[in-house]
>>> print(open('model-v3.txt').read())   # compact mmCIF, C-alpha atoms
# COMPACT_ATOMS: atom_id res chain seq x y z
CA GLY A 1 15.19 137.04 -47.59
CA ALA A 2 17.01 139.35 -50.00
CA ALA A 3 19.38 136.59 -51.08
CA GLU A 4 16.53 134.64 -52.64
CA GLY A 5 16.00 137.34 -55.25
CA ASP A 6 19.62 137.22 -56.35
CA HIS A 7 19.40 134.17 -58.58
CA MET A 8 16.77 134.05 -61.28
CA SER A 9 16.21 130.32 -60.97
CA LEU A 10 12.73 128.90 -60.53
CA HIS A 11 14.13 126.30 -58.20
CA HIS A 12 14.62 126.56 -54.49
CA SER A 13 17.82 125.53 -52.81
CA GLU A 14 18.21 121.75 -52.67
CA GLU A 15 17.53 121.72 -48.96
CA THR A 16 14.32 123.76 -49.27
CA HIS A 17 13.27 121.61 -52.20
CA ARG A 18 13.85 118.40 -50.24
CA GLN A 19 11.81 119.72 -47.31
CA LEU A 20 8.96 120.67 -49.65
CA VAL A 21 9.06 117.23 -51.27
CA GLU A 22 8.96 115.51 -47.88
CA ARG A 23 5.89 117.53 -46.87
CA ILE A 24 3.94 116.95 -50.08
CA PRO A 25 2.10 113.77 -48.94
CA SER A 26 0.90 115.29 -45.66
CA VAL A 27 0.07 118.70 -47.16
CA THR A 28 -1.61 117.54 -50.38
CA GLY A 29 -2.94 114.11 -49.41
CA LYS A 30 -1.10 112.49 -52.33
CA ASP A 31 2.41 111.13 -52.52
CA LEU A 32 4.81 111.99 -55.34
CA LYS A 33 4.03 108.84 -57.31
CA GLU A 34 0.36 109.84 -57.40
CA TRP A 35 1.26 113.38 -58.48
CA PHE A 36 3.50 112.00 -61.23
CA SER A 37 0.65 109.93 -62.65
CA THR A 38 -1.64 112.95 -62.29
CA LEU A 39 0.78 114.93 -64.46
CA GLU A 40 1.20 112.05 -66.91
CA ASN A 41 -2.56 111.72 -67.32
CA GLY A 42 -3.13 115.47 -67.42
CA PRO A 43 -2.94 117.74 -70.45
CA SER A 44 0.39 117.53 -72.26
CA LEU A 45 1.82 120.77 -70.94
CA LEU A 46 5.31 121.37 -72.17
CA ARG A 47 6.64 124.25 -70.13
CA PHE A 48 7.62 123.99 -66.49
CA ASP A 49 5.49 126.94 -65.40
CA GLU A 50 2.45 125.65 -67.33
CA LYS A 51 2.59 122.40 -65.38
CA VAL A 52 2.99 124.29 -62.09
CA ASN A 53 0.03 126.56 -62.88
CA TRP A 54 -2.12 123.63 -63.97
CA LEU A 55 -1.48 121.82 -60.67
CA ARG A 56 -2.24 124.98 -58.72
CA ASP A 57 -5.47 125.65 -60.60
CA GLN A 58 -6.74 122.07 -60.66
CA TYR A 59 -5.77 120.98 -57.18
CA ASP A 60 -5.45 124.23 -55.25
CA ILE A 61 -1.99 123.48 -53.89
CA ALA A 62 0.66 126.00 -52.91
CA HIS A 63 3.08 127.30 -55.52
CA GLY A 64 6.06 125.85 -53.66
CA HIS A 65 4.58 122.37 -53.57
CA ALA A 66 3.48 122.50 -57.21
CA THR A 67 6.98 123.62 -58.20
CA ALA A 68 8.58 120.83 -56.19
CA ILE A 69 6.28 118.21 -57.75
CA VAL A 70 6.97 119.37 -61.31
CA HIS A 71 10.71 119.64 -60.65
CA GLU A 72 10.82 116.03 -59.38
CA PHE A 73 8.64 114.90 -62.28
CA ASP A 74 10.95 116.52 -64.83
CA LYS A 75 14.04 115.04 -63.15
CA LYS A 76 12.46 111.58 -63.21
CA ARG A 77 11.48 111.92 -66.87
CA ALA A 78 14.96 113.15 -67.79
CA ALA A 79 16.47 110.13 -66.01
CA HIS A 80 14.21 107.80 -67.98
CA LYS A 81 15.23 109.40 -71.25
CA LEU A 82 18.90 108.89 -70.50
CA GLN A 83 18.60 105.16 -69.95
>>> encode(input="model-v3.txt", output="structure tokens")
Amino acid sequence: GAAEGDHMSLHHSEETHRQLVERIPSVTGKDLKEWFSTLENGPSLLRFDEKVNWLRDQYDIAHGHATAIVHEFDKKRAAHKLQ
């Protein structure tokens, strides 16, 4: 809808994001833990959108799912750094 264009954030609403995350295993055939290790073992891409594009190119997954995976990955890494 029009409202989506109003904020310039890459991220979906929390609810949309959660729904995407829940669907990732059935849609992609891998759960989040597997995707996290895929990203960890992949090229050391620094920027959010580079990681998203790499997942899309390598694994042919939808932009929304790639974004959700990278967002969760970054949140998890940030949490680790804070401890």
>>> closest_residue(input="model-v3.txt", among="A:Lys76, A:His17, A:His71, A:Lys30", to="Asp49 of chain A", atoms="all atoms listed in the file")
A:His71
>>> closest_residue(input="model-v3.txt", among="A:Leu55, A:Leu39, A:Ile24, A:Ala62", to="Asp74 of chain A", atoms="only C-alpha atoms")
A:Leu39
>>> residues_around(input="model-v3.txt", residues="Trp35 of chain A", least_positions_apart="5", cutoff="10 Å", atoms="all atoms listed in the file", output="compact mmCIF listing (two decimals) with C-alpha atoms, in the frame of the given file")
# COMPACT_ATOMS: atom_id res chain seq x y z
CA ILE A 24 3.94 116.95 -50.08
CA PRO A 25 2.10 113.77 -48.94
CA THR A 28 -1.61 117.54 -50.38
CA LYS A 30 -1.10 112.49 -52.33
CA GLU A 40 1.20 112.05 -66.91
CA ASN A 41 -2.56 111.72 -67.32
CA LEU A 55 -1.48 121.82 -60.67
CA ALA A 66 3.48 122.50 -57.21
CA ILE A 69 6.28 118.21 -57.75
CA VAL A 70 6.97 119.37 -61.31
CA GLU A 72 10.82 116.03 -59.38
CA PHE A 73 8.64 114.90 -62.28
>>> closest_residue(input="model-v3.txt", among="A:Asn53, A:His65, A:Pro43, A:Asp60", to="Ser26 of chain A", atoms="all atoms listed in the file")
A:His65
>>> residues_around(input="model-v3.txt", residues="Glu22 of chain A", least_positions_apart="5", cutoff="10 Å", atoms="all atoms listed in the file", output="tab-separated table (two decimals) with C-alpha atoms, in the frame of the given file")
chain	number	residue	atom	x	y	z
A	16	THR	CA	14.32	123.76	-49.27
A	17	HIS	CA	13.27	121.61	-52.20
A	27	VAL	CA	0.07	118.70	-47.16
A	31	ASP	CA	2.41	111.13	-52.52
A	32	LEU	CA	4.81	111.99	-55.34
A	65	HIS	CA	4.58	122.37	-53.57
A	68	ALA	CA	8.58	120.83	-56.19
>>> decode(input="model-v3.txt", residues="segment 32-54 of chain A", atoms="N, CA and C atoms", output="tab-separated table (two decimals), in the first residue's frame")
chain	number	residue	atom	x	y	z
A	32	LEU	N	16.64	-20.81	10.09
A	32	LEU	CA	17.47	-19.61	10.28
A	32	LEU	C	18.89	-19.95	10.70
A	33	LYS	N	19.03	-20.95	11.58
A	33	LYS	CA	20.39	-21.32	12.02
A	33	LYS	C	21.26	-21.69	10.82
A	34	GLU	N	20.70	-22.43	9.88
A	34	GLU	CA	21.45	-22.82	8.68
A	34	GLU	C	21.80	-21.59	7.85
A	35	TRP	N	20.84	-20.66	7.73
A	35	TRP	CA	21.12	-19.44	6.97
A	35	TRP	C	22.19	-18.61	7.65
A	36	PHE	N	22.18	-18.57	8.99
A	36	PHE	CA	23.21	-17.81	9.71
A	36	PHE	C	24.59	-18.39	9.42
A	37	SER	N	24.71	-19.71	9.44
A	37	SER	CA	26.03	-20.29	9.17
A	37	SER	C	26.40	-20.11	7.71
A	38	THR	N	25.40	-20.11	6.82
A	38	THR	CA	25.66	-19.80	5.41
A	38	THR	C	26.28	-18.41	5.28
A	39	LEU	N	25.69	-17.44	5.98
A	39	LEU	CA	26.23	-16.07	5.93
A	39	LEU	C	27.60	-16.00	6.57
A	40	GLU	N	27.79	-16.71	7.69
A	40	GLU	CA	29.07	-16.67	8.37
A	40	GLU	C	30.18	-17.27	7.51
A	41	ASN	N	29.84	-18.30	6.75
A	41	ASN	CA	30.83	-18.97	5.92
A	41	ASN	C	30.95	-18.36	4.53
A	42	GLY	N	30.06	-17.41	4.23
A	42	GLY	CA	30.08	-16.77	2.92
A	42	GLY	C	31.13	-15.68	2.87
A	43	PRO	N	31.14	-14.91	1.79
A	43	PRO	CA	32.09	-13.81	1.69
A	43	PRO	C	31.81	-12.79	2.79
A	44	SER	N	32.84	-12.10	3.26
A	44	SER	CA	32.63	-11.15	4.35
A	44	SER	C	32.05	-9.85	3.80
A	45	LEU	N	30.77	-9.87	3.59
A	45	LEU	CA	30.06	-8.71	3.06
A	45	LEU	C	29.69	-7.81	4.24
A	46	LEU	N	29.98	-6.55	4.11
A	46	LEU	CA	29.79	-5.67	5.24
A	46	LEU	C	28.41	-5.03	5.26
A	47	ARG	N	27.95	-4.59	4.11
A	47	ARG	CA	26.71	-3.83	4.09
A	47	ARG	C	25.49	-4.74	4.04
A	48	PHE	N	24.43	-4.27	4.67
A	48	PHE	CA	23.18	-5.01	4.74
A	48	PHE	C	22.72	-5.46	3.35
A	49	ASP	N	22.67	-4.49	2.42
A	49	ASP	CA	22.11	-4.80	1.10
A	49	ASP	C	23.03	-5.74	0.31
A	50	GLU	N	24.34	-5.71	0.59
A	50	GLU	CA	25.25	-6.64	-0.08
A	50	GLU	C	24.95	-8.08	0.35
A	51	LYS	N	24.69	-8.25	1.64
A	51	LYS	CA	24.35	-9.59	2.14
A	51	LYS	C	23.04	-10.08	1.54
A	52	VAL	N	22.05	-9.17	1.50
A	52	VAL	CA	20.74	-9.52	0.92
A	52	VAL	C	20.91	-9.94	-0.55
A	53	ASN	N	21.65	-9.13	-1.31
A	53	ASN	CA	21.84	-9.44	-2.74
A	53	ASN	C	22.61	-10.73	-2.95
A	54	TRP	N	23.59	-10.98	-2.08
A	54	TRP	CA	24.36	-12.21	-2.20
A	54	TRP	C	23.47	-13.43	-1.98
